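J.: So here's run17.cif, just mmCIF, C-alpha atoms, pLDDT in the B column; chains and numbers go by the auth columns:
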```
data_my_file
loop_
_atom_site.group_PDB
_atom_site.id
_atom_site.type_symbol
_atom_site.label_atom_id
_atom_site.label_comp_id
_atom_site.label_asym_id
_atom_site.label_seq_id
_atom_site.Cartn_x
_atom_site.Cartn_y
_atom_site.Cartn_z
_atom_site.B_iso_or_equiv
_atom_site.auth_seq_id
_atom_site.auth_asym_id
ATOM 1 C CA MET A 1 -42.444 -29.940 -37.627 57.00 9 J
ATOM 2 C CA ARG A 2 -38.893 -29.029 -36.559 64.00 10 J
ATOM 3 C CA GLN A 3 -38.259 -27.879 -32.981 67.00 11 J
ATOM 4 C CA ALA A 4 -36.214 -24.721 -32.354 71.00 12 J
ATOM 5 C CA GLY A 5 -33.045 -24.949 -30.238 73.00 13 J
ATOM 6 C CA PHE A 6 -29.303 -25.413 -30.344 75.00 14 J
ATOM 7 C CA THR A 7 -27.583 -28.421 -31.788 83.00 15 J
ATOM 8 C CA ILE A 8 -24.720 -30.057 -29.926 86.00 16 J
ATOM 9 C CA ILE A 9 -22.282 -28.793 -32.567 87.00 17 J
ATOM 10 C CA GLU A 10 -23.455 -25.193 -32.152 86.00 18 J
ATOM 11 C CA MET A 11 -23.046 -25.484 -28.370 87.00 19 J
ATOM 12 C CA MET A 12 -19.520 -26.932 -28.750 90.00 20 J
ATOM 13 C CA ILE A 13 -18.508 -24.087 -31.079 91.00 21 J
ATOM 14 C CA ALA A 14 -19.870 -21.486 -28.635 90.00 22 J
ATOM 15 C CA LEU A 15 -18.018 -23.112 -25.709 91.00 23 J
ATOM 16 C CA THR A 16 -14.782 -23.240 -27.722 91.00 24 J
ATOM 17 C CA ILE A 17 -15.042 -19.528 -28.574 92.00 25 J
ATOM 18 C CA MET A 18 -15.795 -18.625 -24.941 90.00 26 J
ATOM 19 C CA THR A 19 -12.835 -20.701 -23.707 86.00 27 J
ATOM 20 C CA LEU A 20 -10.523 -19.039 -26.231 87.00 28 J
ATOM 21 C CA LEU A 21 -11.672 -15.575 -25.126 84.00 29 J
ATOM 22 C CA ILE A 22 -11.113 -16.444 -21.458 79.00 30 J
ATOM 23 C CA PHE A 23 -7.564 -17.666 -22.158 79.00 31 J
ATOM 24 C CA LEU A 24 -6.830 -14.469 -24.095 77.00 32 J
ATOM 25 C CA ALA A 25 -8.111 -12.313 -21.211 68.00 33 J
ATOM 26 C CA LEU A 26 -6.295 -14.144 -18.370 69.00 34 J
ATOM 27 C CA PRO A 27 -2.908 -12.351 -18.690 70.00 35 J
ATOM 28 C CA ASN A 28 -4.622 -8.954 -18.703 75.00 36 J
ATOM 29 C CA MET A 29 -6.777 -9.950 -15.723 78.00 37 J
ATOM 30 C CA SER A 30 -3.676 -11.019 -13.767 79.00 38 J
ATOM 31 C CA THR A 31 -1.943 -7.695 -14.482 83.00 39 J
ATOM 32 C CA TRP A 32 -5.096 -5.804 -13.504 85.00 40 J
ATOM 33 C CA LEU A 33 -5.343 -7.723 -10.200 85.00 41 J
ATOM 34 C CA ASN A 34 -1.659 -7.062 -9.405 86.00 42 J
ATOM 35 C CA ASN A 35 -2.038 -3.354 -10.170 89.00 43 J
ATOM 36 C CA THR A 36 -5.200 -3.193 -8.052 89.00 44 J
ATOM 37 C CA GLN A 37 -3.415 -4.726 -5.067 91.00 45 J
ATOM 38 C CA ILE A 38 -0.534 -2.251 -5.448 92.00 46 J
ATOM 39 C CA ARG A 39 -2.999 0.659 -5.603 92.00 47 J
ATOM 40 C CA THR A 40 -4.945 -0.632 -2.570 92.00 48 J
ATOM 41 C CA ALA A 41 -1.764 -1.037 -0.509 93.00 49 J
ATOM 42 C CA GLY A 42 -0.588 2.444 -1.528 94.00 50 J
ATOM 43 C CA GLU A 43 -3.888 4.098 -0.655 94.00 51 J
ATOM 44 C CA THR A 44 -4.029 2.291 2.698 94.00 52 J
ATOM 45 C CA LEU A 45 -0.494 3.408 3.612 95.00 53 J
ATOM 46 C CA LEU A 46 -1.260 6.933 2.444 96.00 54 J
ATOM 47 C CA ALA A 47 -4.395 7.032 4.612 95.00 55 J
ATOM 48 C CA GLY A 48 -2.393 5.913 7.656 95.00 56 J
ATOM 49 C CA ILE A 49 0.313 8.521 7.125 97.00 57 J
ATOM 50 C CA ASN A 50 -2.296 11.261 6.653 96.00 58 J
ATOM 51 C CA LEU A 51 -4.055 10.105 9.819 96.00 59 J
ATOM 52 C CA ALA A 52 -0.815 10.357 11.821 96.00 60 J
ATOM 53 C CA ARG A 53 -0.180 13.888 10.540 97.00 61 J
ATOM 54 C CA THR A 54 -3.774 14.958 11.209 96.00 62 J
ATOM 55 C CA GLU A 55 -3.676 13.574 14.762 96.00 63 J
ATOM 56 C CA ALA A 56 -0.364 15.359 15.421 96.00 64 J
ATOM 57 C CA LEU A 57 -1.897 18.648 14.275 95.00 65 J
ATOM 58 C CA ARG A 58 -5.152 18.080 16.162 95.00 66 J
ATOM 59 C CA ASN A 59 -3.493 17.143 19.460 93.00 67 J
ATOM 60 C CA ASN A 60 -0.410 19.382 19.077 95.00 68 J
ATOM 61 C CA THR A 61 1.856 16.479 19.984 94.00 69 J
ATOM 62 C CA VAL A 62 4.254 14.044 18.323 95.00 70 J
ATOM 63 C CA VAL A 63 2.408 11.187 16.640 96.00 71 J
ATOM 64 C CA ARG A 64 4.115 8.315 14.879 96.00 72 J
ATOM 65 C CA PHE A 65 3.259 6.105 11.928 97.00 73 J
ATOM 66 C CA GLN A 66 5.103 2.761 11.893 96.00 74 J
ATOM 67 C CA THR A 67 5.200 -0.176 9.513 95.00 75 J
ATOM 68 C CA THR A 68 5.282 -3.466 11.403 94.00 76 J
ATOM 69 C CA THR A 69 5.838 -7.170 10.766 93.00 77 J
ATOM 70 C CA THR A 70 2.509 -8.244 12.320 92.00 78 J
ATOM 71 C CA LEU A 71 -0.284 -6.803 14.443 93.00 79 J
ATOM 72 C CA ASP A 72 0.055 -9.239 17.348 92.00 80 J
ATOM 73 C CA SER A 73 2.146 -9.166 20.526 91.00 81 J
ATOM 74 C CA ALA A 74 5.216 -10.341 18.580 91.00 82 J
ATOM 75 C CA CYS A 75 5.210 -7.348 16.237 91.00 83 J
ATOM 76 C CA ALA A 76 8.396 -5.496 15.406 93.00 84 J
ATOM 77 C CA LEU A 77 9.066 -2.351 13.407 93.00 85 J
ATOM 78 C CA SER A 78 9.997 -3.215 9.822 94.00 86 J
ATOM 79 C CA THR A 79 10.990 -1.378 6.656 95.00 87 J
ATOM 80 C CA THR A 80 9.204 -4.077 4.636 94.00 88 J
ATOM 81 C CA GLY A 81 6.084 -4.475 6.769 90.00 89 J
ATOM 82 C CA THR A 82 2.717 -3.952 5.104 90.00 90 J
ATOM 83 C CA ASN A 83 0.901 -3.592 8.447 93.00 91 J
ATOM 84 C CA TRP A 84 0.861 -0.174 10.083 95.00 92 J
ATOM 85 C CA VAL A 85 0.168 1.397 13.454 96.00 93 J
ATOM 86 C CA VAL A 86 -0.469 5.048 14.307 96.00 94 J
ATOM 87 C CA SER A 87 0.359 5.678 17.965 95.00 95 J
ATOM 88 C CA LEU A 88 1.897 8.080 20.469 94.00 96 J
ATOM 89 C CA THR A 89 4.611 5.659 21.667 92.00 97 J
ATOM 90 C CA ASN A 90 6.493 2.729 20.157 91.00 98 J
ATOM 91 C CA PRO A 91 4.069 -0.192 19.633 91.00 99 J
ATOM 92 C CA ALA A 92 6.784 -2.865 19.141 89.00 100 J
ATOM 93 C CA GLY A 93 5.692 -5.975 21.036 91.00 101 J
ATOM 94 C CA ALA A 94 2.276 -4.497 21.808 91.00 102 J
ATOM 95 C CA CYS A 95 0.534 -4.106 18.434 92.00 103 J
ATOM 96 C CA ASP A 96 -2.317 -6.270 19.696 92.00 104 J
ATOM 97 C CA ALA A 97 -3.287 -3.589 22.247 91.00 105 J
ATOM 98 C CA ALA A 98 -6.663 -1.981 21.754 91.00 106 J
ATOM 99 C CA PRO A 99 -6.746 1.663 20.666 90.00 107 J
ATOM 100 C CA SER A 100 -6.501 3.855 23.787 88.00 108 J
ATOM 101 C CA ASN A 101 -5.630 7.441 24.736 83.00 109 J
ATOM 102 C CA THR A 102 -4.038 6.421 28.013 86.00 110 J
ATOM 103 C CA ALA A 103 -2.769 2.812 27.931 86.00 111 J
ATOM 104 C CA ALA A 104 0.652 2.295 26.303 84.00 112 J
ATOM 105 C CA PRO A 105 1.437 2.298 23.437 88.00 113 J
ATOM 106 C CA GLN A 106 -1.491 4.706 23.003 93.00 114 J
ATOM 107 C CA ILE A 107 -2.562 3.281 19.643 94.00 115 J
ATOM 108 C CA ILE A 108 -4.779 5.573 17.599 95.00 116 J
ATOM 109 C CA GLN A 109 -5.403 3.180 14.704 94.00 117 J
ATOM 110 C CA LYS A 110 -3.842 0.091 13.116 94.00 118 J
ATOM 111 C CA LYS A 111 -4.362 -1.712 9.831 93.00 119 J
ATOM 112 C CA SER A 112 -3.380 -5.128 8.506 92.00 120 J
ATOM 113 C CA GLY A 113 -1.591 -5.227 5.163 87.00 121 J
ATOM 114 C CA ALA A 114 -3.533 -8.387 4.299 83.00 122 J
ATOM 115 C CA GLU A 115 -6.760 -6.405 3.891 83.00 123 J
ATOM 116 C CA GLY A 116 -7.219 -6.171 0.130 73.00 124 J
ATOM 117 C CA SER A 117 -3.539 -6.291 -0.787 80.00 125 J
ATOM 118 C CA GLN A 118 -2.156 -9.652 0.282 80.00 126 J
ATOM 119 C CA ARG A 119 0.495 -9.851 -2.440 84.00 127 J
ATOM 120 C CA ALA A 120 1.710 -6.245 -2.354 90.00 128 J
ATOM 121 C CA THR A 121 5.225 -5.660 -1.051 92.00 129 J
ATOM 122 C CA VAL A 122 6.520 -2.557 0.685 94.00 130 J
ATOM 123 C CA THR A 123 10.074 -1.239 0.846 94.00 131 J
ATOM 124 C CA ALA A 124 10.668 1.868 2.971 96.00 132 J
ATOM 125 C CA ASP A 125 13.874 3.733 3.842 95.00 133 J
ATOM 126 C CA ALA A 126 12.976 3.612 7.575 94.00 134 J
ATOM 127 C CA SER A 127 10.210 2.075 9.703 94.00 135 J
ATOM 128 C CA THR A 128 8.730 5.167 11.380 95.00 136 J
ATOM 129 C CA ILE A 129 7.502 8.666 10.588 96.00 137 J
ATOM 130 C CA PHE A 130 7.248 11.184 13.437 96.00 138 J
ATOM 131 C CA PHE A 131 4.975 14.198 12.937 96.00 139 J
ATOM 132 C CA ASN A 132 5.133 17.114 15.368 96.00 140 J
ATOM 133 C CA GLY A 133 2.283 19.442 16.379 94.00 141 J
ATOM 134 C CA LEU A 134 2.906 21.564 13.269 95.00 142 J
ATOM 135 C CA GLY A 135 2.510 18.593 10.928 94.00 143 J
ATOM 136 C CA ARG A 136 6.216 18.579 10.062 95.00 144 J
ATOM 137 C CA LEU A 137 8.606 15.665 10.382 95.00 145 J
ATOM 138 C CA ALA A 138 10.165 15.411 13.834 93.00 146 J
ATOM 139 C CA SER A 139 13.222 13.405 14.888 89.00 147 J
ATOM 140 C CA PRO A 140 12.967 12.614 18.595 88.00 148 J
ATOM 141 C CA GLY A 141 16.342 11.333 19.755 84.00 149 J
ATOM 142 C CA GLY A 142 17.720 11.720 16.222 87.00 150 J
ATOM 143 C CA ALA A 143 15.468 8.964 14.863 87.00 151 J
ATOM 144 C CA ALA A 144 15.298 8.551 11.081 91.00 152 J
ATOM 145 C CA ASN A 145 11.972 9.174 9.363 95.00 153 J
ATOM 146 C CA ILE A 146 10.462 7.380 6.408 95.00 154 J
ATOM 147 C CA THR A 147 10.848 9.679 3.406 95.00 155 J
ATOM 148 C CA GLN A 148 10.043 7.126 0.692 96.00 156 J
ATOM 149 C CA ILE A 149 7.947 3.966 0.463 96.00 157 J
ATOM 150 C CA ASP A 150 7.950 1.833 -2.707 95.00 158 J
ATOM 151 C CA ILE A 151 4.960 -0.438 -3.300 95.00 159 J
ATOM 152 C CA ALA A 152 5.276 -3.361 -5.737 93.00 160 J
ATOM 153 C CA ASN A 153 4.087 -6.916 -6.300 88.00 161 J
ATOM 154 C CA PRO A 154 6.502 -9.879 -6.567 86.00 162 J
ATOM 155 C CA ALA A 155 4.309 -11.461 -9.264 81.00 163 J
ATOM 156 C CA GLY A 156 5.750 -9.195 -11.973 80.00 164 J
ATOM 157 C CA VAL A 157 8.170 -6.437 -12.931 84.00 165 J
ATOM 158 C CA CYS A 158 7.543 -2.724 -12.381 85.00 166 J
ATOM 159 C CA GLN A 159 7.441 -0.554 -15.495 81.00 167 J
ATOM 160 C CA HIS A 160 9.934 1.922 -14.046 78.00 168 J
ATOM 161 C CA VAL A 161 12.439 -0.902 -13.440 76.00 169 J
ATOM 162 C CA ASP A 162 12.145 -2.485 -16.913 75.00 170 J
ATOM 163 C CA ALA A 163 10.343 -0.329 -19.462 72.00 171 J
ATOM 164 C CA THR A 164 10.168 -3.121 -22.071 71.00 172 J
ATOM 165 C CA ASN A 165 9.119 -6.072 -19.867 74.00 173 J
ATOM 166 C CA GLY A 166 7.478 -4.313 -16.936 74.00 174 J
ATOM 167 C CA THR A 167 3.752 -4.924 -16.745 80.00 175 J
ATOM 168 C CA MET A 168 2.922 -3.487 -13.315 86.00 176 J
ATOM 169 C CA ARG A 169 2.343 0.153 -12.374 89.00 177 J
ATOM 170 C CA CYS A 170 4.230 0.272 -9.094 92.00 178 J
ATOM 171 C CA LEU A 171 3.761 3.250 -6.798 95.00 179 J
ATOM 172 C CA ARG A 172 5.865 5.382 -4.477 96.00 180 J
ATOM 173 C CA ILE A 173 4.893 7.495 -1.474 97.00 181 J
ATOM 174 C CA THR A 174 7.172 10.415 -0.629 96.00 182 J
ATOM 175 C CA ILE A 175 7.169 12.455 2.569 96.00 183 J
ATOM 176 C CA SER A 176 8.996 15.790 2.704 94.00 184 J
ATOM 177 C CA ASN A 177 10.520 17.375 5.831 91.00 185 J
ATOM 178 C CA GLY A 178 7.692 19.899 5.761 92.00 186 J
ATOM 179 C CA GLY A 179 5.159 17.066 6.101 92.00 187 J
ATOM 180 C CA GLN A 180 3.855 17.033 2.509 95.00 188 J
ATOM 181 C CA ILE A 181 2.772 13.535 1.525 96.00 189 J
ATOM 182 C CA LYS A 182 2.444 12.445 -2.095 95.00 190 J
ATOM 183 C CA MET A 183 1.712 9.168 -3.876 95.00 191 J
ATOM 184 C CA CYS A 184 3.327 9.078 -7.297 94.00 192 J
ATOM 185 C CA ASP A 185 4.183 6.776 -10.204 92.00 193 J
ATOM 186 C CA PRO A 186 7.943 6.241 -10.685 91.00 194 J
ATOM 187 C CA ALA A 187 7.376 5.252 -14.335 88.00 195 J
ATOM 188 C CA VAL A 188 6.153 8.757 -15.243 88.00 196 J
ATOM 189 C CA THR A 189 8.932 10.938 -16.686 88.00 197 J
ATOM 190 C CA ASP A 190 6.953 13.888 -18.087 90.00 198 J
ATOM 191 C CA ALA A 191 7.677 16.863 -15.786 90.00 199 J
ATOM 192 C CA THR A 192 4.231 18.331 -16.486 92.00 200 J
ATOM 193 C CA ASP A 193 2.405 15.161 -15.360 90.00 201 J
ATOM 194 C CA PRO A 194 1.167 15.483 -11.742 89.00 202 J
ATOM 195 C CA ARG A 195 1.857 11.757 -11.168 88.00 203 J
ATOM 196 C CA ILE A 196 5.634 12.266 -11.478 90.00 204 J
ATOM 197 C CA CYS A 197 7.790 11.479 -8.440 88.00 205 J
#
```
Hey, can you dump this file as structure tokens for me?
T.:
Amino acid sequence: MRQAGFTIIEMMIALTIMTLLIFLALPNMSTWLNNTQIRTAGETLLAGINLARTEALRNNTVVRFQTTTTLDSACALSTTGTNWVVSLTNPAGACDAAPSNTAAPQIIQKKSGAEGSQRATVTADASTIFFNGLGRLASPGGAANITQIDIANPAGVCQHVDATNGTMRCLRITISNGGQIKMCDPAVTDATDPRIC
């Protein structure tokens, strides 16, 4: 009587096929992970900017959103920082302060860029956005506001930079003078597509 089961040859063939499938899927998995980190970083930044605008409207005061190098006492404002702080005053050098309505820098909320998007990179045209009590951009002392933030990943090339070799769907956040905030895809060129920048 013959016993049922797998022979060693059948198991080796199955393992070889599984290994081949894994190696075929790895490049797509890497691209998916990079795109996911870009999307996570973009959504986190977008949430912070919306929070700053909402708090400005709610409190009828100027509230700022800043991108920073770190979230410790050595933090500095940065156009390439993935960390962000929403506060009433400049948090530079005091990003480690606990959220407070009274103690400087009156931090409302802060977020580390390492949470879910360690490899995402950010490039902004300024380091701060000021929203006034009407939800519009303000410029206290003539300060420049962020109007555009590009989110990418150094592990690959964005599709809007190189249409033939670009594998990543990089994102852009735009902020208008009226306070409208939009996350868009710079690779989209169809004017009827709502994802267009």
J.: My list of candidates is J:Asp198, J:Asp193, J:Asp104, J:Asp80. Which is closest to Ala160 of chain J when distances are computed with all atoms listed in the file?
T.: J:Asp193
J.: Could you please determine the separation between atom CA of Phe31 of chain J and atom CA of Thr172 of chain J in Å, to one decimal place?
T.: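 Calculated distance between atom CA of Phe31 of chain J and atom CA of Thr172 of chain J is 22.9 Å.
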J.: Rounded to one decimal, what separation in Å do you get between atom CA of Leu54 of chain J and atom CA of Thr197 of chain J?
T.: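 Atom-to-atom, atom CA of Leu54 of chain J and atom CA of Thr197 of chain J are spaced 22.0 Å apart.
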J.: For atom CA of Ile154 of chain J and atom CA of Pro194 of chain J, determine how far apart the two atoms are, in Å to one decimal place.
T.: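 Pair atom CA of Ile154 of chain J / atom CA of Pro194 of chain J returns 17.3 Å.
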J.: Would you kindly return, as an MDAnalysis selection string, each protein, DNA or RNA residue with an atom no farther than 10 Å from any atom of segment 141-143 of chain J, considering all atoms listed in the file and excluding same-chain residues fewer than 3 positions away?
T.: chainID J and resid 58 60:71 138 146 185:188
J.: Name the residues that the PyMOL selection byres ((chain J and resi 130) around 7) pulls out of this structure, and write them as a PyMOL selection string.
T.: chain J and resi 88-90+128-129+131-132+157-160
J.: Nearest residue to Ser184 of chain J out of J:Leu145, J:Leu59, J:Ala82, J:Met37, using all atoms listed in the file?
T.: J:Leu145
J.: Compile the contact shell of segment 98-103 of chain J as a PyMOL selection string: residues with an atom at most 9 Å away, counting all atoms listed in the file, same-chain residues fewer than 6 positions apart removed.
T.: chain J and resi 72+74+76+78-85+112-115+118
J.: To test your reading of the syntax: which residues would the PyMOL selection byres ((chain J and resi 149-152) around 8) return for the file shown? Reply as a list of chain:residue names.
T.: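 Checked against the file, the PyMOL selection byres ((chain J and resi 149-152) around 8) matches J:Ala134, J:Thr136, J:Ile137, J:Ser147, J:Pro148, J:Asn153, J:Ile154.
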J.: Using all atoms listed in the file, can you tell me which of J:Ile181, J:Val93, J:Val169, J:Ala49 comes closest to Gly121 of chain J?
T.: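 Of J:Ile181, J:Val93, J:Val169, J:Ala49, the one nearest Gly121 of chain J is J:Ala49, counting all atoms listed in the file.
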J.: Can you take the partial segment 124-150 of chain J, add N, CA and C atoms, and return it as a PDB file, in the frame of the given file?
T.:
```pdb
ATOM      1  N   GLY J 124      -7.094  -6.642   1.507  1.00 73.00           N
ATOM      2  CA  GLY J 124      -7.219  -6.171   0.130  1.00 73.00           C
ATOM      3  C   GLY J 124      -5.936  -6.114  -0.664  1.00 73.00           C
ATOM      4  N   SER J 125      -4.798  -6.380  -0.045  1.00 80.00           N
ATOM      5  CA  SER J 125      -3.539  -6.291  -0.787  1.00 80.00           C
ATOM      6  C   SER J 125      -2.540  -7.337  -0.287  1.00 80.00           C
ATOM      7  N   GLN J 126      -2.958  -8.583  -0.273  1.00 80.00           N
ATOM      8  CA  GLN J 126      -2.156  -9.652   0.282  1.00 80.00           C
ATOM      9  C   GLN J 126      -0.806  -9.818  -0.414  1.00 80.00           C
ATOM     10  N   ARG J 127      -0.747  -9.590  -1.710  1.00 84.00           N
ATOM     11  CA  ARG J 127       0.495  -9.851  -2.440  1.00 84.00           C
ATOM     12  C   ARG J 127       1.335  -8.601  -2.655  1.00 84.00           C
ATOM     13  N   ALA J 128       0.913  -7.462  -2.188  1.00 90.00           N
ATOM     14  CA  ALA J 128       1.710  -6.245  -2.354  1.00 90.00           C
ATOM     15  C   ALA J 128       2.906  -6.288  -1.414  1.00 90.00           C
ATOM     16  N   THR J 129       4.027  -5.750  -1.888  1.00 92.00           N
ATOM     17  CA  THR J 129       5.225  -5.660  -1.051  1.00 92.00           C
ATOM     18  C   THR J 129       5.566  -4.194  -0.839  1.00 92.00           C
ATOM     19  N   VAL J 130       6.170  -3.921   0.303  1.00 94.00           N
ATOM     20  CA  VAL J 130       6.520  -2.557   0.685  1.00 94.00           C
ATOM     21  C   VAL J 130       8.009  -2.508   0.994  1.00 94.00           C
ATOM     22  N   THR J 131       8.677  -1.470   0.509  1.00 94.00           N
ATOM     23  CA  THR J 131      10.074  -1.239   0.846  1.00 94.00           C
ATOM     24  C   THR J 131      10.204   0.236   1.215  1.00 94.00           C
ATOM     25  N   ALA J 132      10.528   0.492   2.483  1.00 96.00           N
ATOM     26  CA  ALA J 132      10.668   1.868   2.971  1.00 96.00           C
ATOM     27  C   ALA J 132      12.117   2.118   3.372  1.00 96.00           C
ATOM     28  N   ASP J 133      12.506   3.394   3.440  1.00 95.00           N
ATOM     29  CA  ASP J 133      13.874   3.733   3.842  1.00 95.00           C
ATOM     30  C   ASP J 133      14.037   3.832   5.356  1.00 95.00           C
ATOM     31  N   ALA J 134      12.965   3.684   6.106  1.00 94.00           N
ATOM     32  CA  ALA J 134      12.976   3.612   7.575  1.00 94.00           C
ATOM     33  C   ALA J 134      11.660   2.956   7.983  1.00 94.00           C
ATOM     34  N   SER J 135      11.442   2.750   9.278  1.00 94.00           N
ATOM     35  CA  SER J 135      10.210   2.075   9.703  1.00 94.00           C
ATOM     36  C   SER J 135       9.214   3.001  10.384  1.00 94.00           C
ATOM     37  N   THR J 136       9.592   4.262  10.620  1.00 95.00           N
ATOM     38  CA  THR J 136       8.730   5.167  11.380  1.00 95.00           C
ATOM     39  C   THR J 136       8.739   6.564  10.775  1.00 95.00           C
ATOM     40  N   ILE J 137       7.598   7.238  10.896  1.00 96.00           N
ATOM     41  CA  ILE J 137       7.502   8.666  10.588  1.00 96.00           C
ATOM     42  C   ILE J 137       6.993   9.340  11.857  1.00 96.00           C
ATOM     43  N   PHE J 138       7.678  10.387  12.286  1.00 96.00           N
ATOM     44  CA  PHE J 138       7.248  11.184  13.437  1.00 96.00           C
ATOM     45  C   PHE J 138       6.740  12.522  12.921  1.00 96.00           C
ATOM     46  N   PHE J 139       5.512  12.882  13.276  1.00 96.00           N
ATOM     47  CA  PHE J 139       4.975  14.198  12.937  1.00 96.00           C
ATOM     48  C   PHE J 139       4.846  15.001  14.227  1.00 96.00           C
ATOM     49  N   ASN J 140       5.283  16.261  14.184  1.00 96.00           N
ATOM     50  CA  ASN J 140       5.133  17.114  15.368  1.00 96.00           C
ATOM     51  C   ASN J 140       3.803  17.866  15.310  1.00 96.00           C
ATOM     52  N   GLY J 141       3.543  18.711  16.286  1.00 94.00           N
ATOM     53  CA  GLY J 141       2.283  19.442  16.379  1.00 94.00           C
ATOM     54  C   GLY J 141       2.041  20.414  15.243  1.00 94.00           C
ATOM     55  N   LEU J 142       3.060  20.690  14.435  1.00 95.00           N
ATOM     56  CA  LEU J 142       2.906  21.564  13.269  1.00 95.00           C
ATOM     57  C   LEU J 142       2.717  20.766  11.981  1.00 95.00           C
ATOM     58  N   GLY J 143       2.683  19.435  12.105  1.00 94.00           N
ATOM     59  CA  GLY J 143       2.510  18.593  10.928  1.00 94.00           C
ATOM     60  C   GLY J 143       3.780  18.372  10.146  1.00 94.00           C
ATOM     61  N   ARG J 144       4.923  18.776  10.722  1.00 95.00           N
ATOM     62  CA  ARG J 144       6.216  18.579  10.062  1.00 95.00           C
ATOM     63  C   ARG J 144       6.868  17.319  10.613  1.00 95.00           C
ATOM     64  N   LEU J 145       7.876  16.822   9.887  1.00 95.00           N
ATOM     65  CA  LEU J 145       8.606  15.665  10.382  1.00 95.00           C
ATOM     66  C   LEU J 145       9.404  16.063  11.614  1.00 95.00           C
ATOM     67  N   ALA J 146       9.390  15.211  12.608  1.00 93.00           N
ATOM     68  CA  ALA J 146      10.165  15.411  13.834  1.00 93.00           C
ATOM     69  C   ALA J 146      11.158  14.258  13.937  1.00 93.00           C
ATOM     70  N   SER J 147      12.225  14.457  14.699  1.00 89.00           N
ATOM     71  CA  SER J 147      13.222  13.405  14.888  1.00 89.00           C
ATOM     72  C   SER J 147      13.567  13.277  16.359  1.00 89.00           C
ATOM     73  N   PRO J 148      12.656  12.754  17.179  1.00 88.00           N
ATOM     74  CA  PRO J 148      12.967  12.614  18.595  1.00 88.00           C
ATOM     75  C   PRO J 148      14.156  11.672  18.791  1.00 88.00           C
ATOM     76  N   GLY J 149      15.152  12.146  19.522  1.00 84.00           N
ATOM     77  CA  GLY J 149      16.342  11.333  19.755  1.00 84.00           C
ATOM     78  C   GLY J 149      17.160  11.081  18.503  1.00 84.00           C
ATOM     79  N   GLY J 150      16.968  11.886  17.470  1.00 87.00           N
ATOM     80  CA  GLY J 150      17.720  11.720  16.222  1.00 87.00           C
ATOM     81  C   GLY J 150      17.218  10.575  15.350  1.00 87.00           C
TER      82      GLY J 150
END
```
